[in-house]
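Note: the block below is structure09.pdb and it holds PDB, C-alpha atoms, pLDDT in the B column.
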ATOM      1  CA  MET R  18      -5.527 -10.768 -21.524  1.00 93.00           C
ATOM      2  CA  THR R  19      -1.803 -10.472 -20.909  1.00 96.00           C
ATOM      3  CA  ARG R  20      -1.311  -8.091 -23.836  1.00 97.00           C
ATOM      4  CA  ARG R  21      -4.242  -5.942 -22.723  1.00 97.00           C
ATOM      5  CA  ALA R  22      -3.049  -5.927 -19.102  1.00 97.00           C
ATOM      6  CA  ARG R  23       0.454  -4.851 -20.050  1.00 97.00           C
ATOM      7  CA  ARG R  24      -0.869  -2.179 -22.386  1.00 98.00           C
ATOM      8  CA  ILE R  25      -2.962  -0.797 -19.521  1.00 98.00           C
ATOM      9  CA  HIS R  26       0.137  -0.743 -17.363  1.00 98.00           C
ATOM     10  CA  ARG R  27       2.101   1.168 -19.993  1.00 98.00           C
ATOM     11  CA  ILE R  28      -0.670   3.750 -20.226  1.00 98.00           C
ATOM     12  CA  LEU R  29      -0.815   4.134 -16.447  1.00 98.00           C
ATOM     13  CA  ALA R  30       2.972   4.559 -16.448  1.00 97.00           C
ATOM     14  CA  GLY R  31       2.494   7.547 -18.723  1.00 96.00           C
ATOM     15  CA  ARG R  32      -0.268   8.995 -16.553  1.00 96.00           C
ATOM     16  CA  TYR R  33       1.619   8.480 -13.275  1.00 96.00           C
ATOM     17  CA  PRO R  34       5.351   8.729 -14.013  1.00 95.00           C
ATOM     18  CA  ASP R  35       6.073   9.658 -10.392  1.00 95.00           C
ATOM     19  CA  ALA R  36       4.066   6.858  -8.743  1.00 96.00           C
ATOM     20  CA  HIS R  37       5.709   5.862  -5.482  1.00 95.00           C
ATOM     21  CA  CYS R  38       5.079   4.799  -1.903  1.00 95.00           C
ATOM     22  CA  GLU R  39       3.353   7.725  -0.211  1.00 94.00           C
ATOM     23  CA  LEU R  40       4.468   6.802   3.297  1.00 96.00           C
ATOM     24  CA  ASP R  41       7.520   8.773   4.434  1.00 96.00           C
ATOM     25  CA  PHE R  42      10.412   6.630   5.672  1.00 97.00           C
ATOM     26  CA  GLY R  43      14.172   6.519   5.881  1.00 96.00           C
ATOM     27  CA  THR R  44      14.842   2.907   6.905  1.00 97.00           C
ATOM     28  CA  PRO R  45      13.166  -0.486   6.456  1.00 98.00           C
ATOM     29  CA  LEU R  46      12.057  -0.364  10.104  1.00 98.00           C
ATOM     30  CA  GLN R  47      10.441   3.022   9.626  1.00 98.00           C
ATOM     31  CA  LEU R  48       8.540   1.783   6.581  1.00 98.00           C
ATOM     32  CA  LEU R  49       7.474  -1.359   8.433  1.00 98.00           C
ATOM     33  CA  VAL R  50       6.113   0.628  11.376  1.00 98.00           C
ATOM     34  CA  ALA R  51       4.511   3.245   9.128  1.00 97.00           C
ATOM     35  CA  THR R  52       2.727   0.525   7.161  1.00 96.00           C
ATOM     36  CA  VAL R  53       1.407  -1.029  10.365  1.00 96.00           C
ATOM     37  CA  LEU R  54       0.133   2.410  11.390  1.00 96.00           C
ATOM     38  CA  SER R  55      -1.520   2.937   7.999  1.00 94.00           C
ATOM     39  CA  ALA R  56      -4.185   0.299   8.681  1.00 90.00           C
ATOM     40  CA  GLN R  57      -7.537   2.108   8.555  1.00 89.00           C
ATOM     41  CA  CYS R  58      -5.707   5.429   8.407  1.00 91.00           C
ATOM     42  CA  THR R  59      -4.602   7.794   5.663  1.00 91.00           C
ATOM     43  CA  ASP R  60      -0.975   7.988   4.628  1.00 94.00           C
ATOM     44  CA  LYS R  61      -1.076  11.725   5.270  1.00 93.00           C
ATOM     45  CA  ARG R  62      -2.031  11.209   8.912  1.00 96.00           C
ATOM     46  CA  VAL R  63       0.661   8.554   9.353  1.00 97.00           C
ATOM     47  CA  ASN R  64       3.242  10.934   7.879  1.00 97.00           C
ATOM     48  CA  GLN R  65       2.215  13.539  10.436  1.00 97.00           C
ATOM     49  CA  VAL R  66       2.747  11.104  13.304  1.00 97.00           C
ATOM     50  CA  THR R  67       5.935   9.257  12.363  1.00 97.00           C
ATOM     51  CA  PRO R  68       8.533  12.065  12.632  1.00 97.00           C
ATOM     52  CA  ALA R  69       7.981  12.428  16.385  1.00 97.00           C
ATOM     53  CA  LEU R  70       7.629   8.664  16.783  1.00 97.00           C
ATOM     54  CA  PHE R  71      10.913   7.875  15.071  1.00 97.00           C
ATOM     55  CA  ALA R  72      12.727  10.726  16.813  1.00 97.00           C
ATOM     56  CA  ARG R  73      11.650   9.278  20.166  1.00 97.00           C
ATOM     57  CA  TYR R  74      12.294   5.641  19.185  1.00 97.00           C
ATOM     58  CA  PRO R  75      15.012   5.532  16.522  1.00 96.00           C
ATOM     59  CA  ASP R  76      15.522   1.766  16.324  1.00 97.00           C
ATOM     60  CA  ALA R  77      13.943  -1.586  17.111  1.00 98.00           C
ATOM     61  CA  ALA R  78      15.534  -1.801  20.551  1.00 98.00           C
ATOM     62  CA  ALA R  79      14.108   1.561  21.534  1.00 98.00           C
ATOM     63  CA  LEU R  80      10.664   0.612  20.250  1.00 97.00           C
ATOM     64  CA  ALA R  81      10.747  -2.753  22.010  1.00 97.00           C
ATOM     65  CA  ALA R  82      11.538  -0.985  25.296  1.00 97.00           C
ATOM     66  CA  ALA R  83       9.013   1.826  24.785  1.00 97.00           C
ATOM     67  CA  ASP R  84       6.586   2.777  27.503  1.00 96.00           C
ATOM     68  CA  ARG R  85       3.237   1.539  26.218  1.00 96.00           C
ATOM     69  CA  ALA R  86       1.258   4.553  27.391  1.00 97.00           C
ATOM     70  CA  GLU R  87       3.702   6.963  25.767  1.00 97.00           C
ATOM     71  CA  LEU R  88       3.755   4.967  22.538  1.00 97.00           C
ATOM     72  CA  GLU R  89      -0.023   4.834  22.422  1.00 97.00           C
ATOM     73  CA  GLU R  90      -0.265   8.577  22.878  1.00 97.00           C
ATOM     74  CA  LEU R  91       2.179   9.229  20.037  1.00 97.00           C
ATOM     75  CA  ILE R  92       0.273   7.032  17.596  1.00 97.00           C
ATOM     76  CA  ARG R  93      -3.240   7.815  18.855  1.00 97.00           C
ATOM     77  CA  PRO R  94      -4.121   9.993  15.804  1.00 96.00           C
ATOM     78  CA  THR R  95      -3.788   6.959  13.504  1.00 96.00           C
ATOM     79  CA  GLY R  96      -6.686   5.152  15.183  1.00 94.00           C
ATOM     80  CA  PHE R  97      -6.805   1.672  16.737  1.00 95.00           C
ATOM     81  CA  PHE R  98      -3.773   2.860  18.670  1.00 96.00           C
ATOM     82  CA  ARG R  99      -3.871   0.165  21.345  1.00 96.00           C
ATOM     83  CA  ALA R 100      -3.789  -2.690  18.854  1.00 96.00           C
ATOM     84  CA  LYS R 101      -1.149  -0.922  16.770  1.00 96.00           C
ATOM     85  CA  ALA R 102       1.001  -0.223  19.829  1.00 97.00           C
ATOM     86  CA  ASP R 103       0.767  -3.891  20.780  1.00 96.00           C
ATOM     87  CA  ALA R 104       1.858  -4.952  17.287  1.00 96.00           C
ATOM     88  CA  ILE R 105       4.745  -2.463  17.226  1.00 97.00           C
ATOM     89  CA  LEU R 106       6.015  -3.534  20.646  1.00 97.00           C
ATOM     90  CA  LYS R 107       5.829  -7.223  19.761  1.00 97.00           C
ATOM     91  CA  LEU R 108       7.312  -6.973  16.270  1.00 97.00           C
ATOM     92  CA  SER R 109      10.148  -4.801  17.580  1.00 97.00           C
ATOM     93  CA  ALA R 110      10.896  -7.304  20.327  1.00 97.00           C
ATOM     94  CA  ARG R 111      10.979 -10.103  17.770  1.00 97.00           C
ATOM     95  CA  LEU R 112      13.337  -8.116  15.555  1.00 98.00           C
ATOM     96  CA  VAL R 113      15.664  -7.592  18.514  1.00 98.00           C
ATOM     97  CA  ASP R 114      15.478 -11.208  19.666  1.00 97.00           C
ATOM     98  CA  HIS R 115      15.728 -12.939  16.296  1.00 97.00           C
ATOM     99  CA  TYR R 116      17.239 -10.515  13.771  1.00 97.00           C
ATOM    100  CA  ASP R 117      19.664  -8.329  15.736  1.00 97.00           C
ATOM    101  CA  GLY R 118      17.187  -5.466  15.499  1.00 97.00           C
ATOM    102  CA  GLU R 119      17.185  -5.451  11.687  1.00 97.00           C
ATOM    103  CA  VAL R 120      14.210  -5.947   9.394  1.00 98.00           C
ATOM    104  CA  PRO R 121      14.732  -9.165   7.423  1.00 97.00           C
ATOM    105  CA  PRO R 122      14.474  -8.868   3.615  1.00 97.00           C
ATOM    106  CA  ARG R 123      12.469 -12.080   3.271  1.00 96.00           C
ATOM    107  CA  GLN R 124       8.714 -12.444   3.069  1.00 95.00           C
ATOM    108  CA  ALA R 125       8.699 -15.688   5.063  1.00 95.00           C
ATOM    109  CA  ASP R 126      10.355 -13.884   7.971  1.00 97.00           C
ATOM    110  CA  LEU R 127       8.342 -10.685   7.659  1.00 97.00           C
ATOM    111  CA  VAL R 128       4.944 -12.381   7.817  1.00 95.00           C
ATOM    112  CA  MET R 129       5.979 -14.025  11.089  1.00 94.00           C
ATOM    113  CA  LEU R 130       6.220 -10.613  12.733  1.00 95.00           C
ATOM    114  CA  PRO R 131       3.179  -9.611  14.822  1.00 92.00           C
ATOM    115  CA  GLY R 132       0.801  -7.374  12.875  1.00 90.00           C
ATOM    116  CA  VAL R 133       2.504  -8.069   9.534  1.00 94.00           C
ATOM    117  CA  GLY R 134       0.715  -9.775   6.651  1.00 93.00           C
ATOM    118  CA  ARG R 135       1.585 -10.301   3.010  1.00 93.00           C
ATOM    119  CA  LYS R 136       0.513  -6.796   2.014  1.00 93.00           C
ATOM    120  CA  THR R 137       2.765  -5.144   4.584  1.00 95.00           C
ATOM    121  CA  ALA R 138       5.596  -7.550   3.785  1.00 96.00           C
ATOM    122  CA  ASN R 139       5.385  -6.739   0.065  1.00 96.00           C
ATOM    123  CA  VAL R 140       5.407  -2.998   0.791  1.00 96.00           C
ATOM    124  CA  VAL R 141       8.610  -3.366   2.791  1.00 97.00           C
ATOM    125  CA  LEU R 142      10.262  -5.718   0.302  1.00 97.00           C
ATOM    126  CA  GLY R 143       9.442  -3.556  -2.691  1.00 96.00           C
ATOM    127  CA  ASP R 144      10.101  -0.097  -1.306  1.00 97.00           C
ATOM    128  CA  ALA R 145      12.747  -0.640   1.369  1.00 97.00           C
ATOM    129  CA  PHE R 146      14.753  -3.454  -0.223  1.00 97.00           C
ATOM    130  CA  GLY R 147      14.020  -3.181  -3.942  1.00 96.00           C
ATOM    131  CA  ILE R 148      12.726  -6.750  -4.026  1.00 97.00           C
ATOM    132  CA  PRO R 149       9.664  -6.902  -6.319  1.00 95.00           C
ATOM    133  CA  GLY R 150       6.412  -7.411  -4.454  1.00 93.00           C
ATOM    134  CA  LEU R 151       2.732  -7.040  -5.312  1.00 95.00           C
ATOM    135  CA  THR R 152       0.946  -4.981  -2.679  1.00 94.00           C
ATOM    136  CA  VAL R 153      -2.733  -5.877  -2.862  1.00 95.00           C
ATOM    137  CA  ASP R 154      -4.510  -3.208  -0.852  1.00 93.00           C
ATOM    138  CA  THR R 155      -8.118  -2.125  -1.365  1.00 93.00           C
ATOM    139  CA  HIS R 156      -7.210   0.030  -4.393  1.00 95.00           C
ATOM    140  CA  VAL R 157      -5.202  -2.692  -6.143  1.00 97.00           C
ATOM    141  CA  GLY R 158      -7.885  -5.277  -5.472  1.00 97.00           C
ATOM    142  CA  ARG R 159     -10.684  -3.017  -6.704  1.00 97.00           C
ATOM    143  CA  LEU R 160      -8.902  -1.954  -9.881  1.00 98.00           C
ATOM    144  CA  SER R 161      -7.724  -5.468 -10.658  1.00 98.00           C
ATOM    145  CA  ARG R 162     -11.334  -6.649 -10.656  1.00 98.00           C
ATOM    146  CA  ARG R 163     -12.632  -3.652 -12.611  1.00 98.00           C
ATOM    147  CA  LEU R 164      -9.918  -4.016 -15.226  1.00 98.00           C
ATOM    148  CA  GLY R 165     -10.570  -7.740 -15.572  1.00 97.00           C
ATOM    149  CA  PHE R 166      -7.207  -8.865 -14.234  1.00 98.00           C
ATOM    150  CA  THR R 167      -8.925 -11.086 -11.665  1.00 97.00           C
ATOM    151  CA  THR R 168     -12.345 -12.113 -10.426  1.00 97.00           C
ATOM    152  CA  HIS R 169     -11.192 -12.846  -6.896  1.00 97.00           C
ATOM    153  CA  GLU R 170     -11.774 -10.942  -3.675  1.00 96.00           C
ATOM    154  CA  ASP R 171      -9.100 -12.764  -1.682  1.00 96.00           C
ATOM    155  CA  PRO R 172      -5.902 -10.653  -1.767  1.00 95.00           C
ATOM    156  CA  VAL R 173      -3.636 -13.692  -2.081  1.00 95.00           C
ATOM    157  CA  LYS R 174      -5.540 -14.931  -5.133  1.00 97.00           C
ATOM    158  CA  VAL R 175      -5.504 -11.431  -6.619  1.00 97.00           C
ATOM    159  CA  GLU R 176      -1.744 -11.342  -6.087  1.00 97.00           C
ATOM    160  CA  GLN R 177      -1.376 -14.688  -7.854  1.00 97.00           C
ATOM    161  CA  ASP R 178      -3.465 -13.543 -10.813  1.00 98.00           C
ATOM    162  CA  LEU R 179      -1.463 -10.327 -11.173  1.00 98.00           C
ATOM    163  CA  ALA R 180       1.796 -12.255 -10.931  1.00 97.00           C
ATOM    164  CA  ALA R 181       0.675 -14.390 -13.875  1.00 97.00           C
ATOM    165  CA  LEU R 182       0.035 -11.304 -16.032  1.00 98.00           C
ATOM    166  CA  PHE R 183       3.001  -9.058 -15.288  1.00 98.00           C
ATOM    167  CA  PRO R 184       6.767  -9.656 -15.174  1.00 97.00           C
ATOM    168  CA  ARG R 185       8.184  -9.824 -11.679  1.00 96.00           C
ATOM    169  CA  ARG R 186      10.374  -6.756 -12.223  1.00 96.00           C
ATOM    170  CA  ASP R 187       7.203  -4.642 -12.594  1.00 97.00           C
ATOM    171  CA  HIS R 188       5.385  -5.848  -9.498  1.00 97.00           C
ATOM    172  CA  THR R 189       6.285  -3.023  -7.105  1.00 97.00           C
ATOM    173  CA  ILE R 190       5.727  -0.159  -9.527  1.00 97.00           C
ATOM    174  CA  LEU R 191       2.545  -1.778 -10.857  1.00 98.00           C
ATOM    175  CA  SER R 192       1.109  -1.700  -7.347  1.00 97.00           C
ATOM    176  CA  HIS R 193       1.991   1.973  -6.978  1.00 97.00           C
ATOM    177  CA  ARG R 194       0.462   2.922 -10.323  1.00 98.00           C
ATOM    178  CA  LEU R 195      -2.757   1.076  -9.554  1.00 98.00           C
ATOM    179  CA  ILE R 196      -2.926   2.756  -6.139  1.00 96.00           C
ATOM    180  CA  PHE R 197      -2.320   6.175  -7.694  1.00 96.00           C
ATOM    181  CA  HIS R 198      -5.039   5.526 -10.271  1.00 97.00           C
ATOM    182  CA  GLY R 199      -7.440   4.282  -7.614  1.00 96.00           C
ATOM    183  CA  ARG R 200      -6.870   7.317  -5.425  1.00 94.00           C
ATOM    184  CA  ARG R 201      -7.032   9.867  -8.195  1.00 95.00           C
ATOM    185  CA  THR R 202      -9.360   8.585 -10.928  1.00 97.00           C
ATOM    186  CA  CYS R 203     -10.892   5.138 -10.436  1.00 97.00           C
ATOM    187  CA  HIS R 204     -12.575   5.979  -7.135  1.00 96.00           C
ATOM    188  CA  ALA R 205     -14.456   3.347  -5.178  1.00 95.00           C
ATOM    189  CA  ARG R 206     -17.821   5.119  -5.185  1.00 94.00           C
ATOM    190  CA  ARG R 207     -17.767   7.270  -8.299  1.00 95.00           C
ATOM    191  CA  PRO R 208     -15.005   6.483 -10.771  1.00 97.00           C
ATOM    192  CA  ALA R 209     -14.185   9.141 -13.343  1.00 97.00           C
ATOM    193  CA  CYS R 210     -14.681   6.873 -16.359  1.00 98.00           C
ATOM    194  CA  GLY R 211     -14.916   9.753 -18.835  1.00 97.00           C
ATOM    195  CA  ALA R 212     -11.458  11.002 -17.827  1.00 97.00           C
ATOM    196  CA  CYS R 213      -9.745   7.626 -17.541  1.00 97.00           C
ATOM    197  CA  PRO R 214      -6.757   6.992 -19.829  1.00 97.00           C
ATOM    198  CA  VAL R 215      -7.529   3.262 -20.035  1.00 97.00           C
ATOM    199  CA  ALA R 216     -11.291   3.625 -20.585  1.00 97.00           C
ATOM    200  CA  SER R 217     -11.171   1.993 -24.025  1.00 97.00           C
ATOM    201  CA  LEU R 218      -9.514  -1.092 -22.526  1.00 98.00           C
ATOM    202  CA  CYS R 219     -11.638  -1.337 -19.367  1.00 97.00           C
ATOM    203  CA  PRO R 220     -14.476  -3.871 -19.241  1.00 97.00           C
ATOM    204  CA  SER R 221     -16.051  -1.867 -16.398  1.00 97.00           C
ATOM    205  CA  TYR R 222     -16.281   1.397 -18.332  1.00 97.00           C
ATOM    206  CA  GLY R 223     -19.580   3.065 -17.586  1.00 96.00           C
ATOM    207  CA  ILE R 224     -19.933   2.205 -13.898  1.00 97.00           C
ATOM    208  CA  GLY R 225     -18.914   5.775 -13.131  1.00 97.00           C
ATOM    209  CA  GLU R 226     -19.293   9.219 -14.669  1.00 96.00           C
ATOM    210  CA  THR R 227     -18.775   9.038 -18.449  1.00 97.00           C
ATOM    211  CA  ASP R 228     -19.318  12.676 -19.364  1.00 96.00           C
ATOM    212  CA  PRO R 229     -15.760  13.975 -20.001  1.00 95.00           C
ATOM    213  CA  VAL R 230     -16.298  17.340 -18.327  1.00 96.00           C
ATOM    214  CA  LYS R 231     -18.042  15.947 -15.268  1.00 96.00           C
ATOM    215  CA  ALA R 232     -15.520  13.119 -15.031  1.00 96.00           C
ATOM    216  CA  ALA R 233     -12.584  15.518 -15.202  1.00 95.00           C
ATOM    217  CA  ALA R 234     -14.013  17.343 -12.194  1.00 95.00           C
ATOM    218  CA  LEU R 235     -13.850  14.086 -10.234  1.00 96.00           C
ATOM    219  CA  VAL R 236     -10.154  13.523 -10.892  1.00 95.00           C
ATOM    220  CA  THR R 237      -8.035  14.520  -7.918  1.00 90.00           C
ATOM    221  CA  ASP R 238      -4.380  14.952  -7.154  1.00 78.00           C
ATOM    222  CA  ALA R 239      -5.135  13.077  -3.985  1.00 58.00           C
ATOM    223  CA  GLY R 240      -1.656  12.390  -2.706  1.00 51.00           C
ATOM    224  CA  PRO R 241      -1.291  10.555   0.580  1.00 48.00           C
ATOM    225  CA  ALA R 242      -4.379  12.199   2.050  1.00 41.00           C
ATOM    226  CA  ASP R 243      -6.821  10.039   0.127  1.00 39.00           C
ATOM    227  CA  GLY R 244      -7.900   6.677   1.292  1.00 39.00           C
ATOM    228  CA  PRO R 245      -6.902   4.388   4.142  1.00 36.00           C
ATOM    229  CA  VAL R 246      -4.705   1.429   3.352  1.00 35.00           C
ATOM    230  CA  PRO R 247      -5.902  -1.554   5.302  1.00 32.00           C
ATOM    231  CA  ALA R 248      -3.370  -4.056   6.570  1.00 30.00           C
TER     232      ALA R 248
END
Turn the structure described in the file into structure tokens.
Amino acid sequence: MTRRARRIHRILAGRYPDAHCELDFGTPLQLLVATVLSAQCTDKRVNQVTPALFARYPDAAALAAADRAELEELIRPTGFFRAKADAILKLSARLVDHYDGEVPPRQADLVMLPGVGRKTANVVLGDAFGIPGLTVDTHVGRLSRRLGFTTHEDPVKVEQDLAALFPRRDHTILSHRLIFHGRRTCHARRPACGACPVASLCPSYGIGETDPVKAAALVTDAGPADGPVPA
């Protein structure tokens, strides 16, 4: 299984050499907030909202002191804006009170922040700090099951199974490549099996379109517009 899993990863690396986090950010705090906003929202929509948000509130202290109504209005397009505003206000206040306004580069500290779970923590660790982390979102979970890397639904158990198959140094980029593949080829409802580069290694081959021409028409260059990333 390990050999097959790593071969799949090498093939996906060739298909998606530019795989990366599709949320725009300049600092760890910006990525943290953007990831909170991405719950049940597309990355594209978050990227449309965050420039004005970060211009208005450039640091944790500014966010912690933000007027709730104004903050809610800025993030309204991302959906669930009241709950997200509450999380942003509370996590920013905690950063100010406990970490001098800086985002801590430790998972144990990150998951203690309001609105932050393991998935969000691993996004921030991997992409803001360069600390390997497995981000198990809906795409990673779905593909991990389809590819036979895991049988679990629970994201923590999926993360553990992936960690047993792949070297730690690959964890962040593995997550990105699986997300890219899930957004562009291995779709939730109609995967493009006939155009998949790992079809010969996939135990789920055939659950989607197998005709090469029809499958190719399903492949998208989705970018950040495709698919919400639940927290």
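Contact shell of stretch 84-95 of chain R at 9 Å (all atoms listed in the file; same-chain neighbours under 2 positions omitted): Leu54, Ser55, Ala56, Gln57, Cys58, Thr59, Arg62, Val63, Val66, Thr67, Ala69, Leu70, Leu80, Ala81, Ala82, Phe97, Phe98, Arg99, Lys101, Ala102, Asp103 and Leu106 of chain R.
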Please report as JSON lines every residue of stretch 88-193 of chain R lying within 9 Å of stretch 215-228 of chain R, along with the nearest atom pair and their distance in Å (one decimal), using all atoms listed in the file.
{"residue": "R:Arg162", "atom": "CA", "partner": "R:Ser221", "partner_atom": "CA", "distance": 8.8}
{"residue": "R:Arg163", "atom": "CA", "partner": "R:Ser221", "partner_atom": "CA", "distance": 5.4}
{"residue": "R:Leu164", "atom": "CA", "partner": "R:Cys219", "partner_atom": "CA", "distance": 5.2}
{"residue": "R:Gly165", "atom": "CA", "partner": "R:Pro220", "partner_atom": "CA", "distance": 6.6}
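Taking all atoms listed in the file into account, R:Val141 lies nearest to R:Thr44 out of the set R:Gln177, R:Thr44, R:Thr237, R:Ser161.
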Can you list what the PyMOL selection byres ((chain R and resi 182-184) around 8) grabs from this structure, as a compact mmCIF listing (two decimals) with C-alpha atoms, in the frame of the given file?
# COMPACT_ATOMS: atom_id res chain seq x y z
CA MET R 18 -5.53 -10.77 -21.52
CA THR R 19 -1.80 -10.47 -20.91
CA ALA R 22 -3.05 -5.93 -19.10
CA ARG R 23 0.45 -4.85 -20.05
CA PHE R 166 -7.21 -8.86 -14.23
CA ASP R 178 -3.46 -13.54 -10.81
CA LEU R 179 -1.46 -10.33 -11.17
CA ALA R 180 1.80 -12.26 -10.93
CA ALA R 181 0.68 -14.39 -13.88
CA ARG R 185 8.18 -9.82 -11.68
CA ARG R 186 10.37 -6.76 -12.22
CA ASP R 187 7.20 -4.64 -12.59
CA HIS R 188 5.38 -5.85 -9.50
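Compared by their closest atoms to R:Val53, and using all atoms listed in the file, the residues R:Ala104, R:Val175, R:Ala78, R:Leu191 rank with R:Ala104 nearest.
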(request) Using the chain letters and numbering of this document, enumerate as a PyMOL selection string the residues selected by the PyMOL selection byres ((chain R and resi 144) around 10). (result) chain R and resi 37-38+42+44-45+48+139-143+145-150+189-190
Those same residues, written as an mmCIF file, in the coordinates of the input with C-alpha atoms?
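Here's the written file out10.cif:
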data_model
loop_
_atom_site.group_PDB
_atom_site.id
_atom_site.type_symbol
_atom_site.label_atom_id
_atom_site.label_comp_id
_atom_site.auth_asym_id
_atom_site.auth_seq_id
_atom_site.Cartn_x
_atom_site.Cartn_y
_atom_site.Cartn_z
ATOM 1 C CA HIS R 37 5.709 5.862 -5.482
ATOM 2 C CA CYS R 38 5.079 4.799 -1.903
ATOM 3 C CA PHE R 42 10.412 6.630 5.672
ATOM 4 C CA THR R 44 14.842 2.907 6.905
ATOM 5 C CA PRO R 45 13.166 -0.486 6.456
ATOM 6 C CA LEU R 48 8.540 1.783 6.581
ATOM 7 C CA ASN R 139 5.385 -6.739 0.065
ATOM 8 C CA VAL R 140 5.407 -2.998 0.791
ATOM 9 C CA VAL R 141 8.610 -3.366 2.791
ATOM 10 C CA LEU R 142 10.262 -5.718 0.302
ATOM 11 C CA GLY R 143 9.442 -3.556 -2.691
ATOM 12 C CA ALA R 145 12.747 -0.640 1.369
ATOM 13 C CA PHE R 146 14.753 -3.454 -0.223
ATOM 14 C CA GLY R 147 14.020 -3.181 -3.942
ATOM 15 C CA ILE R 148 12.726 -6.750 -4.026
ATOM 16 C CA PRO R 149 9.664 -6.902 -6.319
ATOM 17 C CA GLY R 150 6.412 -7.411 -4.454
ATOM 18 C CA THR R 189 6.285 -3.023 -7.105
ATOM 19 C CA ILE R 190 5.727 -0.159 -9.527
#
(message) Which residues are near R:His26? Cut-off 9 Å, only C-alpha atoms, ignore same chain within fewer than 5 positions. Put them as a PyMOL selection string.
(response) chain R and resi 21+31+191+194-195
Could you save the residues just selected, with C-alpha atoms, as an mmCIF file, in the coordinates of the input?
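Everything below was put into part10.cif:
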data_model
loop_
_atom_site.group_PDB
_atom_site.id
_atom_site.type_symbol
_atom_site.label_atom_id
_atom_site.label_comp_id
_atom_site.auth_asym_id
_atom_site.auth_seq_id
_atom_site.Cartn_x
_atom_site.Cartn_y
_atom_site.Cartn_z
ATOM 1 C CA ARG R 21 -4.242 -5.942 -22.723
ATOM 2 C CA GLY R 31 2.494 7.547 -18.723
ATOM 3 C CA LEU R 191 2.545 -1.778 -10.857
ATOM 4 C CA ARG R 194 0.462 2.922 -10.323
ATOM 5 C CA LEU R 195 -2.757 1.076 -9.554
#
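Between atom CA of R:Ala77 and atom CA of R:Val113 there is a distance of 6.4 Å.
Between R:Asp76 and the residues R:Gly199, R:Gly43, R:Pro214, R:Pro131, the shortest atom-to-atom distance, using only C-alpha atoms, involves R:Gly43.
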Please evaluate the PyMOL selection byres ((chain R and resi 173) around 12) against the displayed coordinates and give the resulting residues as a short mmCIF file (atom, residue, chain, number, x, y, z; two decimals) with C-alpha atoms, in the frame of the given file.
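Output contents, as saved in part-v9.cif:
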data_model
loop_
_atom_site.label_atom_id
_atom_site.label_comp_id
_atom_site.auth_asym_id
_atom_site.auth_seq_id
_atom_site.Cartn_x
_atom_site.Cartn_y
_atom_site.Cartn_z
CA GLY R 134 0.72 -9.78 6.65
CA ARG R 135 1.58 -10.30 3.01
CA LYS R 136 0.51 -6.80 2.01
CA ASN R 139 5.38 -6.74 0.06
CA LEU R 151 2.73 -7.04 -5.31
CA THR R 152 0.95 -4.98 -2.68
CA VAL R 153 -2.73 -5.88 -2.86
CA ASP R 154 -4.51 -3.21 -0.85
CA VAL R 157 -5.20 -2.69 -6.14
CA GLY R 158 -7.88 -5.28 -5.47
CA THR R 167 -8.93 -11.09 -11.66
CA HIS R 169 -11.19 -12.85 -6.90
CA GLU R 170 -11.77 -10.94 -3.68
CA ASP R 171 -9.10 -12.76 -1.68
CA PRO R 172 -5.90 -10.65 -1.77
CA LYS R 174 -5.54 -14.93 -5.13
CA VAL R 175 -5.50 -11.43 -6.62
CA GLU R 176 -1.74 -11.34 -6.09
CA GLN R 177 -1.38 -14.69 -7.85
CA ASP R 178 -3.46 -13.54 -10.81
CA LEU R 179 -1.46 -10.33 -11.17
CA ALA R 180 1.80 -12.26 -10.93
#
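The residue that comes closest to R:Pro229, out of R:Leu112, R:Ala83, R:Leu49, R:Ala212 and on the basis of only C-alpha atoms, is R:Ala212.
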(request) Work out how far apart atom CA of R:Ser109 and atom CA of R:Asp126 are and give it in Å to one decimal. (result)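 Here the two named atoms are 13.2 Å from each other.
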(request) Show which residues sit within 9 Å of R:Cys213, as a ChimeraX atom specification. Count only C-alpha atoms, and ignore same-chain residues fewer than 4 positions away. (result) /R:198,202-203,208-209,217,232-233,236
Export C-alpha atoms of the chosen residues as a PDB file, keeping the file's coordinate frame?
ATOM      1  CA  HIS R 198      -5.039   5.526 -10.271  1.00 97.00           C
ATOM      2  CA  THR R 202      -9.360   8.585 -10.928  1.00 97.00           C
ATOM      3  CA  CYS R 203     -10.892   5.138 -10.436  1.00 97.00           C
ATOM      4  CA  PRO R 208     -15.005   6.483 -10.771  1.00 97.00           C
ATOM      5  CA  ALA R 209     -14.185   9.141 -13.343  1.00 97.00           C
ATOM      6  CA  SER R 217     -11.171   1.993 -24.025  1.00 97.00           C
ATOM      7  CA  ALA R 232     -15.520  13.119 -15.031  1.00 96.00           C
ATOM      8  CA  ALA R 233     -12.584  15.518 -15.202  1.00 95.00           C
ATOM      9  CA  VAL R 236     -10.154  13.523 -10.892  1.00 95.00           C
TER      10      VAL R 236
END
